[in-house]
Amino acid sequence: MNMDVLTRLAHAEATAHTRYGQAGEATQFGPLVAVHAGPNLPLDTGWHDGTRLPTPQELDEFEAFSAKYGQPATIHLLSAFASAALPLLTARGYGLDYLLHGYVRELTDLPASPAFVIRKEAAGAWAALAARCFGPGTEEIMSVVAHAPGTRLFVADVDGRPAATAAQSITEGVAAFHGTATLPEFRGRGMQSALLAHRLNLAAQAGADLASVFVTPGGGSERNVERAGFWLVGARLTFTRREGA
(Lines give C-alpha, C1' and ligand atoms only; values in the text may rest on other atoms or scores of the structure.)
Protein backbone atom coordinates (compact mmCIF):
# COMPACT_ATOMS: atom_id res chain seq x y z
CA MET A 1 0.00 0.00 0.00
CA ASN A 2 1.41 3.39 -1.04
CA MET A 3 0.19 5.81 1.60
CA ASP A 4 1.64 8.86 -0.17
CA VAL A 5 -0.30 8.07 -3.34
CA LEU A 6 -3.52 7.29 -1.45
CA THR A 7 -3.30 10.45 0.62
CA ARG A 8 -2.73 12.49 -2.50
CA LEU A 9 -5.60 10.77 -4.29
CA ALA A 10 -7.99 11.28 -1.37
CA HIS A 11 -7.20 14.99 -1.18
CA ALA A 12 -7.57 15.49 -4.94
CA GLU A 13 -10.90 13.64 -5.02
CA ALA A 14 -12.28 15.56 -2.05
CA THR A 15 -11.20 18.88 -3.55
CA ALA A 16 -12.69 18.01 -6.94
CA HIS A 17 -15.94 16.92 -5.28
CA THR A 18 -16.87 20.55 -4.60
CA ARG A 19 -17.42 21.07 -8.36
CA TYR A 20 -20.69 19.18 -8.14
CA GLY A 21 -22.20 21.61 -5.67
CA GLN A 22 -22.35 24.57 -8.06
CA ALA A 23 -26.15 24.40 -8.41
CA GLY A 24 -26.71 23.24 -4.84
CA GLU A 25 -24.20 23.51 -2.02
CA ALA A 26 -20.70 22.36 -1.20
CA THR A 27 -19.13 22.79 2.21
CA GLN A 28 -16.45 21.24 4.40
CA PHE A 29 -16.66 19.77 7.88
CA GLY A 30 -13.08 19.13 8.92
CA PRO A 31 -11.78 16.40 6.59
CA LEU A 32 -15.21 15.81 5.00
CA VAL A 33 -16.16 17.68 1.83
CA ALA A 34 -19.95 17.50 1.56
CA VAL A 35 -22.05 18.18 -1.53
CA HIS A 36 -25.70 18.55 -2.38
CA ALA A 37 -25.84 18.40 -6.19
CA GLY A 38 -29.60 17.91 -6.51
CA PRO A 39 -32.40 15.79 -5.10
CA ASN A 40 -31.69 12.06 -4.89
CA LEU A 41 -28.39 12.12 -6.79
CA PRO A 42 -25.51 9.69 -6.08
CA LEU A 43 -23.22 12.72 -5.92
CA ASP A 44 -24.96 13.87 -2.70
CA THR A 45 -22.17 12.57 -0.48
CA GLY A 46 -19.18 13.49 1.65
CA TRP A 47 -15.60 12.75 0.58
CA HIS A 48 -12.91 12.14 3.19
CA ASP A 49 -9.81 14.13 2.22
CA GLY A 50 -7.20 11.78 3.73
CA THR A 51 -5.87 14.20 6.34
CA ARG A 52 -7.31 12.95 9.66
CA LEU A 53 -10.42 11.42 11.21
CA PRO A 54 -13.50 13.62 11.55
CA THR A 55 -14.43 14.58 15.09
CA PRO A 56 -17.85 13.65 16.51
CA GLN A 57 -18.87 17.31 16.21
CA GLU A 58 -17.84 17.40 12.54
CA LEU A 59 -19.87 14.26 11.90
CA ASP A 60 -22.82 15.87 13.70
CA GLU A 61 -22.54 18.86 11.36
CA PHE A 62 -22.17 16.65 8.26
CA GLU A 63 -25.22 14.61 9.26
CA ALA A 64 -27.22 17.81 9.85
CA PHE A 65 -26.20 19.01 6.37
CA SER A 66 -27.40 15.73 4.88
CA ALA A 67 -30.68 15.90 6.80
CA LYS A 68 -31.28 19.48 5.63
CA TYR A 69 -31.42 18.22 2.06
CA GLY A 70 -33.20 14.96 2.84
CA GLN A 71 -30.27 12.88 1.62
CA PRO A 72 -28.63 9.92 3.37
CA ALA A 73 -25.42 10.67 5.28
CA THR A 74 -23.01 8.94 2.91
CA ILE A 75 -19.21 9.08 3.07
CA HIS A 76 -16.58 7.99 0.55
CA LEU A 77 -13.39 6.84 2.23
CA LEU A 78 -10.26 5.33 0.72
CA SER A 79 -9.27 1.95 2.14
CA ALA A 80 -6.01 3.24 3.65
CA PHE A 81 -8.02 5.24 6.19
CA ALA A 82 -10.85 2.77 6.79
CA SER A 83 -9.42 0.80 9.70
CA ALA A 84 -8.96 3.95 11.80
CA ALA A 85 -12.38 5.35 10.89
CA LEU A 86 -14.40 2.14 11.18
CA PRO A 87 -14.98 2.15 14.97
CA LEU A 88 -16.21 5.76 14.86
CA LEU A 89 -18.50 5.18 11.88
CA THR A 90 -19.86 1.88 13.19
CA ALA A 91 -20.70 3.44 16.55
CA ARG A 92 -22.78 6.06 14.73
CA GLY A 93 -24.72 3.52 12.69
CA TYR A 94 -22.83 3.66 9.39
CA GLY A 95 -22.64 0.51 7.29
CA LEU A 96 -20.67 -0.37 4.18
CA ASP A 97 -22.79 -0.02 1.04
CA TYR A 98 -20.31 -0.87 -1.69
CA LEU A 99 -16.72 -0.50 -2.83
CA LEU A 100 -14.87 0.31 -5.99
CA HIS A 101 -11.28 -0.53 -6.83
CA GLY A 102 -9.01 2.49 -7.17
CA TYR A 103 -6.34 2.47 -9.87
CA VAL A 104 -3.59 4.98 -10.67
CA ARG A 105 -1.03 5.36 -13.43
CA GLU A 106 1.98 7.61 -13.79
CA LEU A 107 1.88 9.64 -16.99
CA THR A 108 5.01 8.17 -18.53
CA ASP A 109 5.45 5.55 -21.30
CA LEU A 110 2.15 6.67 -22.76
CA PRO A 111 0.19 4.54 -25.25
CA ALA A 112 -0.11 5.49 -28.88
CA SER A 113 -2.99 7.72 -29.89
CA PRO A 114 -6.06 5.65 -30.72
CA ALA A 115 -7.22 4.92 -34.26
CA PHE A 116 -10.81 5.90 -33.52
CA VAL A 117 -11.99 9.46 -34.01
CA ILE A 118 -12.26 11.04 -30.54
CA ARG A 119 -13.50 14.58 -30.22
CA LYS A 120 -14.59 17.10 -27.62
CA GLU A 121 -18.32 17.47 -27.08
CA ALA A 122 -20.62 20.14 -25.65
CA ALA A 123 -22.09 19.44 -22.23
CA GLY A 124 -25.71 18.96 -23.28
CA ALA A 125 -24.99 16.60 -26.17
CA TRP A 126 -22.45 14.65 -24.10
CA ALA A 127 -24.87 14.21 -21.21
CA ALA A 128 -27.62 12.95 -23.53
CA LEU A 129 -25.30 10.39 -25.14
CA ALA A 130 -23.82 9.30 -21.79
CA ALA A 131 -27.31 8.71 -20.40
CA ARG A 132 -28.10 6.49 -23.38
CA CYS A 133 -24.89 4.56 -22.69
CA PHE A 134 -25.42 4.17 -18.94
CA GLY A 135 -29.16 3.52 -19.20
CA PRO A 136 -32.51 4.99 -18.12
CA GLY A 137 -32.53 7.04 -14.93
CA THR A 138 -29.04 8.50 -15.42
CA GLU A 139 -30.07 11.63 -17.33
CA GLU A 140 -29.86 14.06 -14.40
CA ILE A 141 -26.57 12.84 -12.97
CA MET A 142 -24.94 12.85 -16.41
CA SER A 143 -26.07 16.46 -16.84
CA VAL A 144 -24.54 17.44 -13.49
CA VAL A 145 -21.27 15.69 -14.37
CA ALA A 146 -21.16 17.30 -17.81
CA HIS A 147 -21.72 20.83 -16.50
CA ALA A 148 -19.27 20.60 -13.58
CA PRO A 149 -16.52 23.23 -13.88
CA GLY A 150 -13.23 21.94 -15.23
CA THR A 151 -14.64 18.77 -16.78
CA ARG A 152 -13.42 17.85 -20.27
CA LEU A 153 -15.88 15.78 -22.27
CA PHE A 154 -15.09 13.37 -25.08
CA VAL A 155 -17.00 11.24 -27.57
CA ALA A 156 -15.61 8.40 -29.69
CA ASP A 157 -17.14 7.99 -33.14
CA VAL A 158 -17.42 4.85 -35.25
CA ASP A 159 -18.19 5.35 -38.94
CA GLY A 160 -19.34 8.86 -38.15
CA ARG A 161 -21.72 7.75 -35.42
CA PRO A 162 -21.31 8.64 -31.72
CA ALA A 163 -20.43 5.40 -29.93
CA ALA A 164 -18.94 6.07 -26.47
CA THR A 165 -18.33 8.79 -23.91
CA ALA A 166 -15.60 9.69 -21.44
CA ALA A 167 -14.75 12.57 -19.13
CA GLN A 168 -11.67 13.90 -17.38
CA SER A 169 -10.90 16.52 -14.75
CA ILE A 170 -7.52 17.51 -13.33
CA THR A 171 -7.08 18.50 -9.68
CA GLU A 172 -3.73 18.99 -7.93
CA GLY A 173 -1.93 17.24 -10.77
CA VAL A 174 -4.20 14.17 -10.64
CA ALA A 175 -6.26 13.46 -13.76
CA ALA A 176 -9.49 11.73 -12.75
CA PHE A 177 -11.06 9.58 -15.46
CA HIS A 178 -14.82 9.02 -15.29
CA GLY A 179 -18.00 9.02 -17.35
CA THR A 180 -16.79 6.19 -19.60
CA ALA A 181 -19.56 4.20 -21.25
CA THR A 182 -20.37 2.69 -24.65
CA LEU A 183 -23.65 2.24 -26.49
CA PRO A 184 -24.63 -1.46 -26.51
CA GLU A 185 -24.23 -1.89 -30.26
CA PHE A 186 -20.61 -0.73 -30.15
CA ARG A 187 -19.38 -2.67 -27.13
CA GLY A 188 -16.46 -5.07 -27.49
CA ARG A 189 -14.74 -2.95 -30.14
CA GLY A 190 -12.07 -1.28 -27.99
CA MET A 191 -13.85 2.00 -27.28
CA GLN A 192 -12.84 2.13 -23.61
CA SER A 193 -9.19 1.39 -24.36
CA ALA A 194 -9.14 4.10 -27.01
CA LEU A 195 -10.67 6.65 -24.66
CA LEU A 196 -8.19 5.73 -21.93
CA ALA A 197 -5.24 6.24 -24.29
CA HIS A 198 -6.63 9.55 -25.51
CA ARG A 199 -7.10 10.93 -22.01
CA LEU A 200 -3.72 9.73 -20.79
CA ASN A 201 -1.99 11.68 -23.53
CA LEU A 202 -4.11 14.79 -23.00
CA ALA A 203 -3.60 14.68 -19.22
CA ALA A 204 0.16 14.57 -19.67
CA GLN A 205 0.01 17.47 -22.12
CA ALA A 206 -2.03 19.44 -19.56
CA GLY A 207 0.70 19.00 -16.92
CA ALA A 208 -0.77 16.22 -14.78
CA ASP A 209 1.62 13.55 -13.56
CA LEU A 210 -0.85 10.95 -12.26
CA ALA A 211 -4.10 9.49 -13.61
CA SER A 212 -6.77 7.80 -11.49
CA VAL A 213 -9.92 5.82 -12.06
CA PHE A 214 -12.42 3.89 -9.91
CA VAL A 215 -13.97 0.71 -11.30
CA THR A 216 -16.27 -2.09 -10.26
CA PRO A 217 -14.18 -5.09 -9.11
CA GLY A 218 -14.01 -7.91 -11.61
CA GLY A 219 -15.69 -6.07 -14.47
CA GLY A 220 -14.60 -5.35 -18.00
CA SER A 221 -13.53 -1.84 -17.07
CA GLU A 222 -11.06 -3.26 -14.55
CA ARG A 223 -9.46 -5.39 -17.22
CA ASN A 224 -9.25 -2.40 -19.55
CA VAL A 225 -7.49 -0.14 -17.05
CA GLU A 226 -5.02 -2.89 -16.13
CA ARG A 227 -4.16 -3.35 -19.81
CA ALA A 228 -3.66 0.42 -20.05
CA GLY A 229 -0.94 0.28 -17.39
CA PHE A 230 -2.91 1.31 -14.30
CA TRP A 231 -2.10 -0.42 -11.01
CA LEU A 232 -4.41 -1.19 -8.11
CA VAL A 233 -3.69 1.13 -5.19
CA GLY A 234 -6.67 0.48 -2.91
CA ALA A 235 -10.43 0.77 -2.75
CA ARG A 236 -13.04 3.46 -2.33
CA LEU A 237 -15.40 2.40 0.46
CA THR A 238 -18.84 3.97 0.65
CA PHE A 239 -20.51 4.11 4.08
CA THR A 240 -24.09 5.21 4.71
CA ARG A 241 -25.72 5.96 8.06
CA ARG A 242 -28.74 3.74 8.59
CA GLU A 243 -32.12 5.26 9.31
CA GLY A 244 -32.85 5.44 13.01
CA ALA A 245 -29.18 5.18 13.97
# chains A, B, ... in the order shown; residues from 1 in each chain; ligands from 1

call {"tool": "residues_around", "arguments": {"residues": "region 12-26 of chain A", "least_positions_apart": "3", "cutoff": "7 Å", "atoms": "only C-alpha atoms", "output": "list of chain:residue names"}}
result
A:Arg8, A:Leu9, A:Val33, A:Ala34, A:Val35, A:His36, A:Ala37, A:Gly38, A:Trp47, A:His48, A:Asp49, A:Val144, A:Ala148, A:Pro149, A:Thr171, A:Glu172, A:Val174

call {"tool": "select_by_dssp", "arguments": {"residues": "region 5-236 of chain A", "states": "strand (DSSP E or B)", "output": "NGL selection string"}}
result
:A and (25-29 or 32-36 or 46-48 or 74-78 or 94-106 or 117-120 or 152-158 or 161-171 or 174-182 or 210-215 or 231-236)

call {"tool": "atom_distance", "arguments": {"atom1": "CA of Phe62 (chain A)", "atom2": "CA of Ala245 (chain A)"}}
result
14.6 Å

call {"tool": "residues_around", "arguments": {"residues": "Ala80 (chain A)", "least_positions_apart": "5", "cutoff": "10 Å", "atoms": "only C-alpha atoms", "output": "PDB file with all heavy atoms, in the first residue's frame"}}
result
ATOM      1  N   MET A   1       0.846  -1.196   0.000  1.00  0.00           N
ATOM      2  CA  MET A   1       0.000   0.000   0.000  1.00  0.00           C
ATOM      3  C   MET A   1       0.883   1.247   0.000  1.00  0.00           C
ATOM      4  O   MET A   1       1.776   1.378   0.824  1.00  0.00           O
ATOM      5  CB  MET A   1      -0.919  -0.005   1.221  1.00  0.00           C
ATOM      6  CG  MET A   1      -1.856   1.198   1.290  1.00  0.00           C
ATOM      7  SD  MET A   1      -2.845   1.213   2.793  1.00  0.00           S
ATOM      8  CE  MET A   1      -3.772  -0.310   2.599  1.00  0.00           C
ATOM      9  N   ASN A   2       0.637   2.157  -0.949  1.00  0.00           N
ATOM     10  CA  ASN A   2       1.408   3.386  -1.041  1.00  0.00           C
ATOM     11  C   ASN A   2       0.616   4.512  -0.390  1.00  0.00           C
ATOM     12  O   ASN A   2      -0.274   5.096  -0.997  1.00  0.00           O
ATOM     13  CB  ASN A   2       1.711   3.694  -2.507  1.00  0.00           C
ATOM     14  CG  ASN A   2       2.714   4.820  -2.653  1.00  0.00           C
ATOM     15  OD1 ASN A   2       2.674   5.800  -1.920  1.00  0.00           O
ATOM     16  ND2 ASN A   2       3.606   4.677  -3.614  1.00  0.00           N
ATOM     17  N   MET A   3       0.956   4.822   0.858  1.00  0.00           N
ATOM     18  CA  MET A   3       0.191   5.813   1.600  1.00  0.00           C
ATOM     19  C   MET A   3       0.310   7.206   0.988  1.00  0.00           C
ATOM     20  O   MET A   3      -0.651   7.981   1.007  1.00  0.00           O
ATOM     21  CB  MET A   3       0.630   5.842   3.056  1.00  0.00           C
ATOM     22  CG  MET A   3       0.107   4.689   3.874  1.00  0.00           C
ATOM     23  SD  MET A   3      -1.710   4.701   4.004  1.00  0.00           S
ATOM     24  CE  MET A   3      -1.976   6.236   4.881  1.00  0.00           C
ATOM     25  N   LEU A   6      -2.139   7.304  -1.915  1.00  0.00           N
ATOM     26  CA  LEU A   6      -3.523   7.289  -1.454  1.00  0.00           C
ATOM     27  C   LEU A   6      -3.916   8.595  -0.781  1.00  0.00           C
ATOM     28  O   LEU A   6      -5.041   9.081  -0.959  1.00  0.00           O
ATOM     29  CB  LEU A   6      -3.738   6.109  -0.503  1.00  0.00           C
ATOM     30  CG  LEU A   6      -3.815   4.747  -1.187  1.00  0.00           C
ATOM     31  CD1 LEU A   6      -3.694   3.627  -0.168  1.00  0.00           C
ATOM     32  CD2 LEU A   6      -5.113   4.603  -1.962  1.00  0.00           C
ATOM     33  N   THR A   7      -3.005   9.162  -0.012  1.00  0.00           N
ATOM     34  CA  THR A   7      -3.297  10.446   0.620  1.00  0.00           C
ATOM     35  C   THR A   7      -3.476  11.530  -0.433  1.00  0.00           C
ATOM     36  O   THR A   7      -4.400  12.349  -0.359  1.00  0.00           O
ATOM     37  CB  THR A   7      -2.165  10.827   1.594  1.00  0.00           C
ATOM     38  OG1 THR A   7      -2.059   9.814   2.600  1.00  0.00           O
ATOM     39  CG2 THR A   7      -2.434  12.163   2.256  1.00  0.00           C
ATOM     40  N   ALA A  10      -6.851  10.898  -2.202  1.00  0.00           N
ATOM     41  CA  ALA A  10      -7.994  11.280  -1.372  1.00  0.00           C
ATOM     42  C   ALA A  10      -8.182  12.789  -1.372  1.00  0.00           C
ATOM     43  O   ALA A  10      -9.318  13.288  -1.487  1.00  0.00           O
ATOM     44  CB  ALA A  10      -7.802  10.767   0.053  1.00  0.00           C
ATOM     45  N   GLY A  50      -8.442  12.492   3.453  1.00  0.00           N
ATOM     46  CA  GLY A  50      -7.202  11.782   3.730  1.00  0.00           C
ATOM     47  C   GLY A  50      -6.295  12.437   4.752  1.00  0.00           C
ATOM     48  O   GLY A  50      -5.176  11.959   4.967  1.00  0.00           O
ATOM     49  N   ALA A  85     -11.066   4.701  10.842  1.00  0.00           N
ATOM     50  CA  ALA A  85     -12.378   5.347  10.892  1.00  0.00           C
ATOM     51  C   ALA A  85     -13.508   4.392  11.249  1.00  0.00           C
ATOM     52  O   ALA A  85     -14.569   4.833  11.715  1.00  0.00           O
ATOM     53  CB  ALA A  85     -12.675   5.993   9.543  1.00  0.00           C
ATOM     54  N   VAL A 233      -4.305   0.466  -6.331  1.00  0.00           N
ATOM     55  CA  VAL A 233      -3.692   1.129  -5.193  1.00  0.00           C
ATOM     56  C   VAL A 233      -4.529   0.985  -3.927  1.00  0.00           C
ATOM     57  O   VAL A 233      -4.042   1.189  -2.823  1.00  0.00           O
ATOM     58  CB  VAL A 233      -3.433   2.619  -5.520  1.00  0.00           C
ATOM     59  CG1 VAL A 233      -4.733   3.403  -5.603  1.00  0.00           C
ATOM     60  CG2 VAL A 233      -2.490   3.252  -4.522  1.00  0.00           C
ATOM     61  N   GLY A 234      -5.797   0.614  -4.077  1.00  0.00           N
ATOM     62  CA  GLY A 234      -6.670   0.482  -2.908  1.00  0.00           C
ATOM     63  C   GLY A 234      -8.113   0.430  -3.352  1.00  0.00           C
ATOM     64  O   GLY A 234      -8.417   0.072  -4.495  1.00  0.00           O
ATOM     65  N   ALA A 235      -9.009   0.800  -2.447  1.00  0.00           N
ATOM     66  CA  ALA A 235     -10.433   0.767  -2.752  1.00  0.00           C
ATOM     67  C   ALA A 235     -11.099   2.019  -2.206  1.00  0.00           C
ATOM     68  O   ALA A 235     -10.644   2.618  -1.227  1.00  0.00           O
ATOM     69  CB  ALA A 235     -11.096  -0.474  -2.160  1.00  0.00           C
ATOM     70  N   ARG A 236     -12.189   2.406  -2.854  1.00  0.00           N
ATOM     71  CA  ARG A 236     -13.042   3.463  -2.326  1.00  0.00           C
ATOM     72  C   ARG A 236     -14.222   2.799  -1.643  1.00  0.00           C
ATOM     73  O   ARG A 236     -15.023   2.127  -2.283  1.00  0.00           O
ATOM     74  CB  ARG A 236     -13.543   4.374  -3.452  1.00  0.00           C
ATOM     75  CG  ARG A 236     -14.266   5.617  -2.941  1.00  0.00           C
ATOM     76  CD  ARG A 236     -15.018   6.329  -4.043  1.00  0.00           C
ATOM     77  NE  ARG A 236     -16.300   5.707  -4.311  1.00  0.00           N
ATOM     78  CZ  ARG A 236     -17.174   6.149  -5.219  1.00  0.00           C
ATOM     79  NH1 ARG A 236     -16.867   7.193  -5.964  1.00  0.00           N
ATOM     80  NH2 ARG A 236     -18.323   5.524  -5.403  1.00  0.00           N
ATOM     81  N   LEU A 237     -14.312   2.980  -0.329  1.00  0.00           N
ATOM     82  CA  LEU A 237     -15.398   2.398   0.457  1.00  0.00           C
ATOM     83  C   LEU A 237     -16.480   3.448   0.660  1.00  0.00           C
ATOM     84  O   LEU A 237     -16.176   4.608   0.991  1.00  0.00           O
ATOM     85  CB  LEU A 237     -14.876   1.914   1.806  1.00  0.00           C
ATOM     86  CG  LEU A 237     -13.639   1.009   1.779  1.00  0.00           C
ATOM     87  CD1 LEU A 237     -13.188   0.672   3.189  1.00  0.00           C
ATOM     88  CD2 LEU A 237     -13.927  -0.253   0.991  1.00  0.00           C
TER      89      LEU A 237
END

call {"tool": "residues_around", "arguments": {"residues": "Gly30 (chain A)", "least_positions_apart": "3", "cutoff": "8 Å", "atoms": "only C-alpha atoms", "output": "list in words"}}
result
Val33, Pro54, Thr55 and Glu58 of chain A

call {"tool": "closest_residue", "arguments": {"among": "A:Leu100, A:Ala163, A:Ala194, A:Ala204", "to": "Leu232 (chain A)", "atoms": "only C-alpha atoms"}}
result
A:Leu100

call {"tool": "closest_residue", "arguments": {"among": "A:Arg161, A:Arg187, A:Arg227, A:Arg241", "to": "Leu129 (chain A)", "atoms": "only C-alpha atoms"}}
result
A:Arg161

call {"tool": "residues_around", "arguments": {"residues": "Pro217 (chain A)", "least_positions_apart": "2", "cutoff": "12 Å", "atoms": "only C-alpha atoms", "output": "VMD selection string"}}
result
chain A and resid 98 to 103 214 to 215 219 to 226 232 234 to 236
